[in-house]
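Structure below is final01.cif: mmCIF, C-alpha atoms and all ligand atoms.
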data_work
loop_
_atom_site.label_atom_id
_atom_site.label_comp_id
_atom_site.auth_asym_id
_atom_site.auth_seq_id
_atom_site.Cartn_x
_atom_site.Cartn_y
_atom_site.Cartn_z
CA MET A 17 9.22 78.50 -130.03
CA ARG A 18 12.14 76.69 -128.39
CA ILE A 19 11.59 73.54 -126.32
CA ALA A 20 14.37 72.32 -124.00
CA VAL A 21 14.71 68.76 -122.71
CA LEU A 22 17.16 68.30 -119.84
CA LYS A 23 18.80 65.18 -118.50
CA GLU A 24 17.07 64.26 -115.23
CA ARG A 25 19.18 64.99 -112.18
CA ALA A 26 17.22 63.29 -109.36
CA ALA A 27 18.92 60.19 -107.94
CA GLY A 28 17.70 56.97 -109.58
CA GLU A 29 15.64 58.81 -112.23
CA ASN A 30 16.20 57.04 -115.57
CA ARG A 31 13.22 58.46 -117.44
CA VAL A 32 13.33 61.31 -119.95
CA ALA A 33 10.60 63.80 -120.85
CA ALA A 34 10.83 63.52 -124.67
CA THR A 35 11.56 60.70 -127.09
CA PRO A 36 12.64 60.94 -130.75
CA GLU A 37 8.96 60.34 -131.61
CA THR A 38 7.70 63.37 -129.66
CA VAL A 39 10.67 65.51 -130.79
CA LYS A 40 9.61 64.89 -134.39
CA LYS A 41 6.00 65.77 -133.58
CA PHE A 42 6.93 69.03 -131.84
CA ILE A 43 9.10 70.00 -134.81
CA ALA A 44 6.16 69.24 -137.12
CA LEU A 45 4.14 71.79 -135.12
CA GLY A 46 6.81 74.42 -135.87
CA ALA A 47 8.88 74.27 -132.66
CA THR A 48 12.64 73.84 -132.38
CA VAL A 49 13.76 71.22 -129.86
CA ALA A 50 17.08 71.09 -127.98
CA VAL A 51 18.01 67.97 -125.97
CA GLU A 52 20.84 67.80 -123.43
CA GLU A 53 23.63 65.34 -124.23
CA GLY A 54 22.94 61.95 -122.64
CA ALA A 55 19.36 62.87 -121.65
CA GLY A 56 17.93 59.59 -122.96
CA ALA A 57 20.70 57.24 -121.80
CA GLY A 58 18.74 55.84 -118.83
CA ALA A 59 15.86 54.99 -121.17
CA SER A 60 18.15 53.42 -123.81
CA ILE A 61 17.79 56.37 -126.23
CA GLY A 62 21.08 57.64 -127.67
CA ASP A 63 21.86 61.22 -128.69
CA ALA A 64 22.00 60.13 -132.34
CA ALA A 65 18.33 59.08 -132.29
CA TYR A 66 17.32 62.54 -131.04
CA ALA A 67 19.57 64.20 -133.63
CA ASP A 68 18.03 62.06 -136.39
CA ALA A 69 14.61 63.25 -135.23
CA GLY A 70 15.76 66.84 -135.75
CA ALA A 71 16.83 67.89 -132.23
CA GLU A 72 19.83 70.03 -131.45
CA ILE A 73 22.09 68.15 -128.97
CA ALA A 74 23.99 70.40 -126.58
CA SER A 75 25.05 71.07 -122.98
CA ALA A 76 22.44 71.89 -120.30
CA ALA A 77 23.20 75.63 -120.41
CA GLN A 78 23.02 75.75 -124.23
CA VAL A 79 19.78 73.76 -124.30
CA VAL A 80 18.12 76.06 -121.77
CA ALA A 81 19.36 79.32 -123.36
CA GLY A 82 16.30 81.17 -124.64
CA ALA A 83 13.94 78.21 -124.07
CA ASP A 84 10.22 79.05 -123.99
CA VAL A 85 9.19 75.63 -122.65
CA VAL A 86 11.30 73.21 -120.59
CA LEU A 87 10.13 69.59 -120.37
CA GLY A 88 11.06 67.46 -117.36
CA VAL A 89 10.05 64.27 -115.59
CA GLN A 90 10.95 65.62 -112.15
CA ALA A 91 11.09 69.44 -112.13
CA PRO A 92 14.67 70.72 -112.35
CA ASP A 93 16.25 73.05 -109.82
CA PRO A 94 15.14 76.53 -111.02
CA ALA A 95 18.77 77.69 -110.69
CA MET A 96 19.48 75.58 -113.81
CA LEU A 97 16.93 77.58 -115.80
CA ALA A 98 18.44 81.06 -115.40
CA GLY A 99 19.06 81.36 -119.16
CA ALA A 100 15.49 80.50 -120.21
CA ALA A 101 13.15 83.09 -121.76
CA PRO A 102 11.41 85.35 -119.18
CA GLY A 103 8.29 83.59 -117.84
CA ALA A 104 9.27 80.29 -119.50
CA TRP A 105 6.97 77.33 -118.91
CA VAL A 106 8.26 74.22 -117.17
CA ALA A 107 6.04 71.16 -117.68
CA ALA A 108 7.09 68.42 -115.26
CA THR A 109 6.06 66.69 -112.04
CA PHE A 110 6.58 68.98 -109.05
CA ASP A 111 5.31 67.01 -106.02
CA PRO A 112 3.53 70.30 -105.15
CA PHE A 113 2.41 69.26 -101.65
CA GLY A 114 5.67 67.52 -100.71
CA ALA A 115 8.19 69.98 -102.20
CA ARG A 116 6.63 73.37 -101.49
CA GLU A 117 9.99 75.23 -101.31
CA ARG A 118 10.67 74.32 -104.92
CA VAL A 119 7.29 75.76 -105.95
CA ASP A 120 8.17 79.00 -104.12
CA ALA A 121 11.58 79.04 -105.83
CA TYR A 122 9.87 78.74 -109.24
CA ALA A 123 7.66 81.70 -108.36
CA SER A 124 10.67 83.78 -107.27
CA ALA A 125 12.46 82.90 -110.52
CA GLY A 126 9.47 84.21 -112.52
CA LEU A 127 8.94 80.83 -114.17
CA GLU A 128 5.56 79.29 -114.97
CA ALA A 129 5.49 75.85 -113.33
CA LEU A 130 2.96 73.42 -114.86
CA ALA A 131 2.48 70.42 -112.54
CA MET A 132 1.53 67.37 -114.55
CA GLU A 133 0.23 65.56 -111.46
CA PHE A 134 -2.48 68.25 -111.16
CA MET A 135 -3.97 67.34 -114.56
CA PRO A 136 -7.76 67.25 -113.96
CA ARG A 137 -9.46 63.85 -114.24
CA ILE A 138 -11.72 64.70 -117.11
CA THR A 139 -12.23 62.69 -120.25
CA ARG A 140 -10.43 65.05 -122.61
CA ALA A 141 -7.34 65.09 -120.36
CA GLN A 142 -6.97 61.31 -120.12
CA SER A 143 -4.27 61.21 -122.80
CA MET A 144 -2.33 63.91 -120.90
CA ASP A 145 -2.47 62.18 -117.51
CA VAL A 146 1.02 61.21 -116.35
CA LEU A 147 -0.24 59.76 -113.04
CA SER A 148 -2.29 57.20 -114.96
CA SER A 149 0.39 56.28 -117.48
CA GLN A 150 3.05 55.86 -114.81
CA SER A 151 0.77 54.10 -112.26
CA ASN A 152 -0.22 51.57 -114.87
CA LEU A 153 3.42 50.54 -115.40
CA ALA A 154 4.10 50.68 -111.65
CA GLY A 155 1.24 48.25 -110.94
CA TYR A 156 2.71 45.81 -113.45
CA LYS A 157 6.27 46.19 -112.15
CA ALA A 158 5.22 45.72 -108.50
CA VAL A 159 3.83 42.27 -109.30
CA ILE A 160 6.86 41.30 -111.39
CA ALA A 161 9.27 42.45 -108.64
CA ALA A 162 7.28 40.62 -105.95
CA ALA A 163 7.14 37.45 -108.10
CA ASP A 164 10.89 37.63 -108.57
CA ARG A 165 11.45 37.88 -104.82
CA TYR A 166 8.94 35.11 -103.99
CA GLY A 167 10.54 31.69 -103.59
CA ARG A 168 7.56 29.90 -105.12
CA ALA A 169 5.73 29.87 -108.46
CA PHE A 170 2.62 31.92 -109.32
CA PRO A 171 0.56 29.46 -111.42
CA MET A 172 -0.73 26.08 -110.31
CA MET A 173 1.38 23.37 -111.96
CA MET A 174 0.49 19.70 -112.07
CA THR A 175 3.70 17.79 -112.61
CA ALA A 176 4.84 14.16 -112.37
CA ALA A 177 6.57 15.11 -109.11
CA GLY A 178 3.39 16.54 -107.62
CA THR A 179 1.30 19.70 -107.68
CA VAL A 180 2.57 23.27 -107.17
CA GLN A 181 -0.17 25.41 -105.61
CA ALA A 182 -1.15 28.72 -107.21
CA ALA A 183 0.04 31.83 -105.33
CA LYS A 184 -2.60 33.90 -103.55
CA VAL A 185 -2.25 37.60 -104.37
CA PHE A 186 -4.13 40.37 -102.52
CA VAL A 187 -4.25 43.87 -104.04
CA MET A 188 -5.16 46.76 -101.71
CA GLY A 189 -6.28 49.93 -103.54
CA VAL A 190 -7.82 49.39 -106.97
CA GLY A 191 -7.01 52.56 -108.90
CA VAL A 192 -4.96 52.54 -112.08
CA ALA A 193 -1.96 50.75 -110.48
CA GLY A 194 -4.14 48.27 -108.59
CA LEU A 195 -6.12 47.27 -111.68
CA GLN A 196 -2.91 46.61 -113.59
CA ALA A 197 -1.51 44.66 -110.61
CA ILE A 198 -4.64 42.46 -110.61
CA ALA A 199 -4.41 41.91 -114.38
CA THR A 200 -0.69 41.08 -114.20
CA ALA A 201 -1.07 38.64 -111.29
CA ARG A 202 -3.96 36.96 -113.11
CA ARG A 203 -1.88 36.63 -116.29
CA LEU A 204 0.82 34.93 -114.22
CA GLY A 205 -1.75 32.44 -112.98
CA ALA A 206 -2.26 33.59 -109.38
CA GLN A 207 -5.52 33.50 -107.41
CA VAL A 208 -6.27 37.18 -106.89
CA SER A 209 -8.42 39.13 -104.44
CA ALA A 210 -8.63 42.90 -104.01
CA THR A 211 -10.10 45.66 -101.85
CA ASP A 212 -10.76 49.41 -102.06
CA VAL A 213 -12.81 52.04 -100.24
CA ARG A 214 -14.63 53.00 -103.44
CA SER A 215 -17.45 50.54 -104.00
CA ALA A 216 -17.41 51.27 -107.77
CA THR A 217 -14.25 49.15 -107.96
CA LYS A 218 -16.10 45.92 -106.99
CA GLU A 219 -17.32 45.35 -110.52
CA GLN A 220 -13.91 46.19 -112.00
CA ILE A 221 -12.25 43.62 -109.72
CA GLN A 222 -14.75 40.96 -110.78
CA SER A 223 -14.39 41.78 -114.45
CA LEU A 224 -10.67 40.95 -114.17
CA GLY A 225 -11.46 37.56 -112.65
CA ALA A 226 -10.48 38.49 -109.11
CA LYS A 227 -12.47 38.32 -105.85
CA PRO A 228 -13.60 41.57 -104.15
CA VAL A 229 -12.97 41.76 -100.38
CA PHE A 230 -15.00 44.66 -98.95
CA VAL A 231 -16.08 46.15 -95.62
CA GLU A 232 -19.87 45.72 -95.66
CA SER A 233 -20.51 46.26 -91.94
CA VAL A 234 -20.19 50.09 -91.87
CA ALA A 235 -23.35 51.65 -93.31
CA GLY A 236 -23.41 54.74 -95.53
CA ILE A 237 -19.76 54.63 -96.53
CA GLU A 238 -18.66 55.71 -99.98
CA GLY A 239 -14.98 56.50 -100.11
CA GLU A 240 -15.11 58.39 -103.41
CA GLY A 241 -14.30 62.12 -103.24
CA SER A 242 -13.81 64.63 -106.06
CA GLY A 243 -12.22 63.60 -109.35
CA GLY A 244 -12.56 59.89 -108.58
CA TYR A 245 -9.97 60.10 -105.76
CA ALA A 246 -10.47 58.42 -102.39
CA THR A 247 -11.36 60.36 -99.24
CA GLU A 248 -9.95 59.71 -95.76
CA MET A 249 -12.20 57.13 -94.02
CA SER A 250 -13.87 57.34 -90.56
CA GLU A 251 -12.32 55.64 -87.52
CA GLU A 252 -15.21 53.16 -87.49
CA TYR A 253 -14.48 52.20 -91.09
CA GLN A 254 -10.74 51.94 -90.44
CA ARG A 255 -11.39 49.54 -87.53
CA ALA A 256 -13.69 47.35 -89.65
CA GLN A 257 -11.17 47.38 -92.50
CA ALA A 258 -8.33 46.35 -90.13
CA GLU A 259 -10.41 43.36 -88.91
CA LEU A 260 -11.22 42.32 -92.46
CA VAL A 261 -7.59 42.60 -93.52
CA SER A 262 -6.40 40.61 -90.47
CA ALA A 263 -8.71 37.73 -91.35
CA HIS A 264 -7.75 37.73 -95.02
CA ILE A 265 -4.04 38.51 -95.03
CA ALA A 266 -2.91 35.46 -93.04
CA LYS A 267 -3.89 33.32 -96.05
CA GLN A 268 -2.11 35.46 -98.68
CA ASP A 269 1.33 34.89 -100.25
CA ILE A 270 1.76 38.23 -102.02
CA VAL A 271 0.22 41.58 -101.07
CA ILE A 272 0.43 44.66 -103.31
CA THR A 273 -0.63 47.94 -101.67
CA THR A 274 -1.39 51.04 -103.78
CA ALA A 275 -3.63 53.24 -101.58
CA LEU A 276 -3.07 56.99 -101.87
CA ILE A 277 -5.02 60.05 -100.76
CA PRO A 278 -4.04 63.25 -102.63
CA GLY A 279 -2.25 65.81 -100.47
CA ARG A 280 -2.04 63.52 -97.44
CA ALA A 281 0.20 60.75 -96.17
CA ALA A 282 -0.78 57.33 -97.53
CA PRO A 283 -3.22 55.45 -95.27
CA ARG A 284 -1.67 52.72 -93.09
CA LEU A 285 -3.30 49.46 -94.21
CA ILE A 286 -1.05 46.72 -92.81
CA THR A 287 0.45 46.56 -89.30
CA ASP A 288 3.45 44.61 -88.09
CA ALA A 289 1.12 42.34 -86.08
CA GLN A 290 -0.75 41.44 -89.29
CA ILE A 291 2.52 40.73 -91.11
CA ALA A 292 3.42 38.30 -88.30
CA THR A 293 0.39 36.15 -89.25
CA MET A 294 1.61 35.65 -92.85
CA ARG A 295 3.45 32.55 -94.02
CA PRO A 296 7.28 32.92 -94.04
CA GLY A 297 8.45 33.57 -97.61
CA SER A 298 5.50 35.82 -98.38
CA VAL A 299 6.16 39.15 -100.10
CA ILE A 300 4.55 42.56 -99.65
CA PHE A 301 5.14 45.31 -102.24
CA ASP A 302 4.25 48.78 -100.94
CA LEU A 303 3.66 51.05 -103.94
CA ALA A 304 2.91 53.95 -101.56
CA VAL A 305 6.28 53.66 -99.77
CA ALA A 306 7.47 57.10 -100.91
CA GLN A 307 4.22 58.76 -99.70
CA GLY A 308 4.66 57.43 -96.15
CA GLY A 309 3.79 53.81 -96.91
CA ASN A 310 0.68 51.62 -96.55
CA VAL A 311 2.73 49.00 -94.70
CA GLU A 312 4.31 49.32 -91.26
CA GLY A 313 8.09 48.95 -91.57
CA SER A 314 8.40 49.47 -95.34
CA VAL A 315 11.54 51.43 -96.33
CA THR A 316 12.00 53.12 -99.72
CA ASP A 317 14.24 51.18 -102.13
CA GLN A 318 15.00 48.46 -99.58
CA VAL A 319 13.80 44.92 -98.90
CA VAL A 320 13.00 44.64 -95.18
CA GLU A 321 12.51 41.19 -93.62
CA ARG A 322 9.86 41.03 -90.87
CA HIS A 323 8.67 37.71 -89.40
CA GLY A 324 10.09 35.93 -92.46
CA VAL A 325 8.08 38.20 -94.81
CA SER A 326 9.85 40.45 -97.37
CA ILE A 327 8.53 44.01 -97.49
CA MET A 328 9.63 45.95 -100.56
CA GLY A 329 8.90 49.21 -102.37
CA PHE A 330 10.67 51.56 -104.76
CA ALA A 331 10.59 55.36 -104.69
CA ASN A 332 10.06 55.40 -108.43
CA THR A 333 8.56 52.11 -109.57
CA ALA A 334 7.67 53.28 -113.09
CA GLY A 335 11.29 54.44 -113.45
CA HIS A 336 12.31 50.77 -113.29
CA LEU A 337 10.70 50.44 -116.73
CA ALA A 338 12.41 53.58 -117.99
CA ALA A 339 11.98 53.03 -121.74
CA ASP A 340 8.22 52.40 -121.67
CA ALA A 341 7.65 54.92 -118.88
CA SER A 342 9.49 57.60 -120.88
CA ALA A 343 7.57 56.79 -124.06
CA LEU A 344 4.19 57.16 -122.32
CA TYR A 345 5.23 60.17 -120.24
CA SER A 346 6.59 61.95 -123.33
CA ARG A 347 3.35 61.31 -125.23
CA ASN A 348 1.38 62.69 -122.26
CA LEU A 349 3.41 65.92 -122.51
CA TYR A 350 3.03 66.09 -126.28
CA ASN A 351 -0.74 65.44 -126.06
CA PHE A 352 -0.99 68.22 -123.46
CA LEU A 353 0.96 70.92 -125.34
CA SER A 354 -0.28 70.04 -128.83
CA ALA A 355 -3.95 70.07 -127.73
CA PHE A 356 -3.55 73.79 -126.99
CA TRP A 357 -1.32 74.68 -129.93
CA ASP A 358 -2.21 78.09 -131.33
CA LYS A 359 -1.01 78.22 -134.95
CA GLU A 360 -0.90 82.02 -135.09
CA ALA A 361 1.01 82.38 -131.84
CA GLY A 362 3.24 79.45 -132.79
CA ARG A 363 2.98 78.11 -129.25
CA PRO A 364 0.45 76.55 -126.86
CA VAL A 365 -2.18 78.74 -125.19
CA LEU A 366 -3.84 76.92 -122.29
CA ASP A 367 -7.56 77.16 -121.57
CA GLU A 368 -8.91 77.99 -118.10
CA GLU A 369 -10.06 74.53 -117.03
CA ILE A 370 -6.76 72.77 -117.59
CA GLY A 371 -4.42 75.78 -117.33
CA ASP A 372 -5.71 76.87 -113.92
CA ALA A 373 -5.58 73.27 -112.67
CA VAL A 374 -1.95 72.57 -113.58
CA ARG A 375 -0.37 76.05 -113.24
CA LEU A 376 1.45 76.43 -109.91
CA THR A 377 3.23 79.75 -110.44
CA ARG A 378 2.86 82.79 -112.68
CA GLY A 379 4.07 86.40 -112.64
CA GLY A 380 6.34 85.83 -109.64
CA ALA A 381 3.64 84.34 -107.38
CA VAL A 382 2.11 81.00 -106.44
CA ALA A 383 -1.08 80.81 -108.50
CA ASN A 384 -2.88 77.54 -107.67
CA SER A 385 -5.98 77.26 -105.49
CA ARG A 386 -4.91 73.83 -104.18
CA LEU A 387 -1.76 75.41 -102.69
CA GLN A 388 -3.45 78.40 -101.06
P1 LIG B 401 -4.88 56.72 -106.34
O1 LIG B 401 -3.51 56.45 -106.88
O2 LIG B 401 -5.16 58.09 -105.83
O3 LIG B 401 -5.21 55.66 -105.19
C1 LIG B 401 -5.10 54.26 -105.42
C2 LIG B 401 -6.35 53.55 -104.94
O4 LIG B 401 -6.30 53.42 -103.51
C3 LIG B 401 -7.67 54.23 -105.25
O5 LIG B 401 -8.51 53.35 -105.93
C4 LIG B 401 -8.24 54.59 -103.87
O6 LIG B 401 -9.66 54.53 -103.83
C5 LIG B 401 -7.61 53.51 -103.00
N1 LIG B 401 -7.62 53.80 -101.55
C6 LIG B 401 -7.41 54.98 -100.91
N2 LIG B 401 -7.49 54.82 -99.58
C7 LIG B 401 -7.74 53.49 -99.35
C8 LIG B 401 -7.92 52.69 -98.18
N3 LIG B 401 -7.88 53.24 -96.95
N4 LIG B 401 -8.15 51.37 -98.34
C9 LIG B 401 -8.21 50.80 -99.58
N5 LIG B 401 -8.06 51.50 -100.72
C10 LIG B 401 -7.82 52.84 -100.61
O7 LIG B 401 -5.99 56.35 -107.44
P2 LIG B 401 -5.89 56.34 -109.01
O8 LIG B 401 -5.19 55.16 -109.49
O9 LIG B 401 -5.28 57.62 -109.43
O10 LIG B 401 -7.41 56.22 -109.51
C11 LIG B 401 -8.55 56.67 -108.80
C12 LIG B 401 -9.77 56.78 -109.75
O11 LIG B 401 -9.62 57.85 -110.68
C13 LIG B 401 -10.00 55.55 -110.60
O12 LIG B 401 -11.37 55.32 -110.67
C14 LIG B 401 -9.48 55.92 -111.95
O13 LIG B 401 -10.05 55.19 -113.00
C15 LIG B 401 -9.87 57.37 -112.00
N6 LIG B 401 -9.03 58.12 -112.97
C16 LIG B 401 -9.65 58.88 -113.95
C17 LIG B 401 -8.87 59.61 -114.87
C18 LIG B 401 -9.50 60.47 -115.95
O14 LIG B 401 -10.69 60.39 -116.17
N7 LIG B 401 -8.74 61.31 -116.65
C19 LIG B 401 -7.47 59.56 -114.78
C20 LIG B 401 -6.89 58.78 -113.77
C21 LIG B 401 -7.69 58.07 -112.87
#
Would you write the structure of this file as structure tokens?
Amino acid sequence: MRIAVLKERAAGENRVAATPETVKKFIALGATVAVEEGAGAGASIGDAAYADAGAEIASAAQVVAGADVVLGVQAPDPAMLAGAAPGAWVAATFDPFGARERVDAYASAGLEALAMEFMPRITRAQSMDVLSSQSNLAGYKAVIAAADRYGRAFPMMMTAAGTVQAAKVFVMGVGVAGLQAIATARRLGAQVSATDVRSATKEQIQSLGAKPVFVESVAGIEGEGSGGYATEMSEEYQRAQAELVSAHIAKQDIVITTALIPGRAAPRLITDAQIATMRPGSVIFDLAVAQGGNVEGSVTDQVVERHGVSIMGFANTAGHLAADASALYSRNLYNFLSAFWDKEAGRPVLDEEIGDAVRLTRGGAVANSRLQ
């Protein structure tokens, strides 16, 4: 079985879908691996390291020729995959709800698209979950980027010249990214508070030494839907949440927002009027900026100044830590394909639970219930 690893072509994408470590492991399973020249450059991995691991280094067309499985971070244009084996698998992120035309193009090309962001949230798939591995790094990087922008220190410092006050950090949305943002801000010495619609997160916030800030006034609310994801909240809840945020945010120096709802635009959590109540020099990092943004006025990959407050957010925050992000992403892909490795077939054979969840296209058609 031939595995192809292409250089990422999306603007600003520095990650790569295989590392020398995973190349070696795939070869140990009996696969051959071909890596495009320069594929690892953005993640500080040279061609020689892949070659030492046993990969063939070649041009994109040569790498793809006869490939049974193509690995990607962001799914390549299917036109690049014309030389792959008929029905070849492409394991990558597809943004299936946002980039539907690409899914249709994969179907037309007869390719089997496997969307890593559709990995089910079940215990045995945790090690295959690219959303978790990348969100974790993104939560860390958001705090580091905000701290860098902030013109003050994070920890309290008692010096001969007087005391520096600890920064107050507020994290909105306590999933994988939010938990890492809390932990990172705490490590830097900030006073941290956090909120979510899922009440199960209260204990997690406290266990990290942060203060939970929750809407208690709306009865019967539990914002947890299927697979641990949040649901869209009622208007009554949204009003109560806006009031709570207004009262709290005016006293915060740094706000990190991470709230996402699968298949929908990110919920708006902070308005321009609320930003106006913050102290000049404060920083907001909107981790949901590319999904429509949690913060009014946030613009992807830009720092916007509003009322003296910096609003920032990257399209691809994990990609700003390309080496670690690539290492974790590549292991997720290896864990996924190796878990289903069929020794006799010499290739992976997916089971129904995970295969049906991640497979977007097969046999020339779109084949995923979430897209129907
Ligand atoms: P996510 O990226 O989908 O959303 C980020 C957070 O924003 C979530 O906690 C969500 O509840 C919150 N949110 C949504 N709307 C909000 C609003 N209006 N106001 C405030 N907060 C809002 O979430 P995630 O990081 O992917 O994690 C969600 C849950 O799934 C977590 O409990 C996580 O531990 C779990 N999970 C399990 C697995 C697994 O078992 N394999 C893998 C990944 C995540």
Name all residues at most 12 Å from Ile270 (chain A) (count only C-alpha atoms; drop same-chain ones fewer than 5 positions away) and give them as a PDB file with C-alpha atoms, in the frame of the given file.
ATOM      1  CA  ALA A 158       5.220  45.720-108.500  1.00  0.00           C
ATOM      2  CA  VAL A 159       3.830  42.270-109.300  1.00  0.00           C
ATOM      3  CA  ILE A 160       6.860  41.300-111.390  1.00  0.00           C
ATOM      4  CA  ALA A 161       9.270  42.450-108.640  1.00  0.00           C
ATOM      5  CA  ALA A 162       7.280  40.620-105.950  1.00  0.00           C
ATOM      6  CA  ALA A 163       7.140  37.450-108.100  1.00  0.00           C
ATOM      7  CA  ASP A 164      10.890  37.630-108.570  1.00  0.00           C
ATOM      8  CA  ARG A 165      11.450  37.880-104.820  1.00  0.00           C
ATOM      9  CA  TYR A 166       8.940  35.110-103.990  1.00  0.00           C
ATOM     10  CA  GLY A 167      10.540  31.690-103.590  1.00  0.00           C
ATOM     11  CA  ARG A 168       7.560  29.900-105.120  1.00  0.00           C
ATOM     12  CA  ALA A 169       5.730  29.870-108.460  1.00  0.00           C
ATOM     13  CA  PHE A 170       2.620  31.920-109.320  1.00  0.00           C
ATOM     14  CA  ALA A 182      -1.150  28.720-107.210  1.00  0.00           C
ATOM     15  CA  ALA A 183       0.040  31.830-105.330  1.00  0.00           C
ATOM     16  CA  LYS A 184      -2.600  33.900-103.550  1.00  0.00           C
ATOM     17  CA  VAL A 185      -2.250  37.600-104.370  1.00  0.00           C
ATOM     18  CA  PHE A 186      -4.130  40.370-102.520  1.00  0.00           C
ATOM     19  CA  VAL A 187      -4.250  43.870-104.040  1.00  0.00           C
ATOM     20  CA  MET A 188      -5.160  46.760-101.710  1.00  0.00           C
ATOM     21  CA  ALA A 197      -1.510  44.660-110.610  1.00  0.00           C
ATOM     22  CA  ILE A 198      -4.640  42.460-110.610  1.00  0.00           C
ATOM     23  CA  ALA A 201      -1.070  38.640-111.290  1.00  0.00           C
ATOM     24  CA  ALA A 206      -2.260  33.590-109.380  1.00  0.00           C
ATOM     25  CA  GLN A 207      -5.520  33.500-107.410  1.00  0.00           C
ATOM     26  CA  VAL A 208      -6.270  37.180-106.890  1.00  0.00           C
ATOM     27  CA  SER A 209      -8.420  39.130-104.440  1.00  0.00           C
ATOM     28  CA  ALA A 210      -8.630  42.900-104.010  1.00  0.00           C
ATOM     29  CA  HIS A 264      -7.750  37.730 -95.020  1.00  0.00           C
ATOM     30  CA  ILE A 265      -4.040  38.510 -95.030  1.00  0.00           C
ATOM     31  CA  ILE A 291       2.520  40.730 -91.110  1.00  0.00           C
ATOM     32  CA  MET A 294       1.610  35.650 -92.850  1.00  0.00           C
ATOM     33  CA  ARG A 295       3.450  32.550 -94.020  1.00  0.00           C
ATOM     34  CA  PRO A 296       7.280  32.920 -94.040  1.00  0.00           C
ATOM     35  CA  GLY A 297       8.450  33.570 -97.610  1.00  0.00           C
ATOM     36  CA  SER A 298       5.500  35.820 -98.380  1.00  0.00           C
ATOM     37  CA  VAL A 299       6.160  39.150-100.100  1.00  0.00           C
ATOM     38  CA  ILE A 300       4.550  42.560 -99.650  1.00  0.00           C
ATOM     39  CA  PHE A 301       5.140  45.310-102.240  1.00  0.00           C
ATOM     40  CA  ASP A 302       4.250  48.780-100.940  1.00  0.00           C
ATOM     41  CA  VAL A 325       8.080  38.200 -94.810  1.00  0.00           C
ATOM     42  CA  SER A 326       9.850  40.450 -97.370  1.00  0.00           C
ATOM     43  CA  ILE A 327       8.530  44.010 -97.490  1.00  0.00           C
ATOM     44  CA  MET A 328       9.630  45.950-100.560  1.00  0.00           C
TER      45      MET A 328
END
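Applying the 10 Å criterion to (10.8, 48.5, -96.5) in file coordinates and using all atoms listed in the file, one obtains the residues Ile300, Phe301, Asp302, Val305, Gly309, Val311, Glu312, Gly313, Ser314, Val315, Thr316, Asp317, Gln318, Val319, Val320, Glu321, Arg322, Ser326, Ile327, Met328, Gly329 and Phe330 of chain A.
Taking CA of Met172 (chain A) and CA of Asn310 (chain A) as the two end points, the separation is 29.0 Å.
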Go through chain A and flag each residue having an atom no more than 9 Å from ligand LIG 401 (chain B); for those, report the closest pair of atoms plus their distance in Å to one decimal, using all atoms listed in the file, ordered by chain and rising number, as CSV.
residue,atom,partner,partner_atom,distance
A:Met135,CA,B:LIG401,N7,8.0
A:Pro136,CA,B:LIG401,N7,6.6
A:Arg137,CA,B:LIG401,N7,3.6
A:Ile138,CA,B:LIG401,O14,4.5
A:Thr139,CA,B:LIG401,O14,4.9
A:Arg140,CA,B:LIG401,N7,7.2
A:Ala141,CA,B:LIG401,N7,5.5
A:Gln142,CA,B:LIG401,N7,3.9
A:Ser143,CA,B:LIG401,N7,7.6
A:Met144,CA,B:LIG401,N7,8.1
A:Asp145,CA,B:LIG401,C19,6.3
A:Val146,CA,B:LIG401,C20,8.7
A:Leu147,CA,B:LIG401,O9,6.6
A:Ser148,CA,B:LIG401,C20,5.0
A:Ser149,CA,B:LIG401,C20,8.5
A:Ser151,CA,B:LIG401,O8,6.7
A:Asn152,CA,B:LIG401,O8,8.2
A:Met188,CA,B:LIG401,C9,5.5
A:Gly189,CA,B:LIG401,O4,3.5
A:Val190,CA,B:LIG401,O5,4.2
A:Gly191,CA,B:LIG401,O8,3.2
A:Val192,CA,B:LIG401,O8,3.7
A:Ala193,CA,B:LIG401,O8,5.6
A:Gly194,CA,B:LIG401,C2,6.8
A:Leu195,CA,B:LIG401,O8,8.2
A:Thr211,CA,B:LIG401,C9,5.9
A:Asp212,CA,B:LIG401,N5,3.7
A:Val213,CA,B:LIG401,N5,4.8
A:Arg214,CA,B:LIG401,O6,5.2
A:Ser215,CA,B:LIG401,O6,8.8
A:Ala216,CA,B:LIG401,O12,7.8
A:Thr217,CA,B:LIG401,O12,7.3
A:Gly239,CA,B:LIG401,O6,6.8
A:Glu240,CA,B:LIG401,O6,6.7
A:Gly241,CA,B:LIG401,O6,8.9
A:Gly243,CA,B:LIG401,O11,6.4
A:Gly244,CA,B:LIG401,O11,4.1
A:Tyr245,CA,B:LIG401,C11,4.8
A:Ala246,CA,B:LIG401,O6,4.2
A:Thr247,CA,B:LIG401,N2,6.8
A:Glu248,CA,B:LIG401,N2,6.7
A:Met249,CA,B:LIG401,N3,6.5
A:Tyr253,CA,B:LIG401,N3,8.9
A:Gln254,CA,B:LIG401,N3,7.2
A:Gln257,CA,B:LIG401,N4,7.7
A:Thr273,CA,B:LIG401,O4,8.1
A:Thr274,CA,B:LIG401,C1,5.2
A:Ala275,CA,B:LIG401,O4,3.3
A:Leu276,CA,B:LIG401,O3,4.2
A:Ile277,CA,B:LIG401,O2,5.4
A:Pro278,CA,B:LIG401,O2,6.2
A:Ala282,CA,B:LIG401,N2,7.5
A:Pro283,CA,B:LIG401,N3,5.4
A:Arg284,CA,B:LIG401,N3,7.3
A:Leu285,CA,B:LIG401,N3,6.5
A:Ala304,CA,B:LIG401,O1,8.7
A:Asn310,CA,B:LIG401,N3,8.7
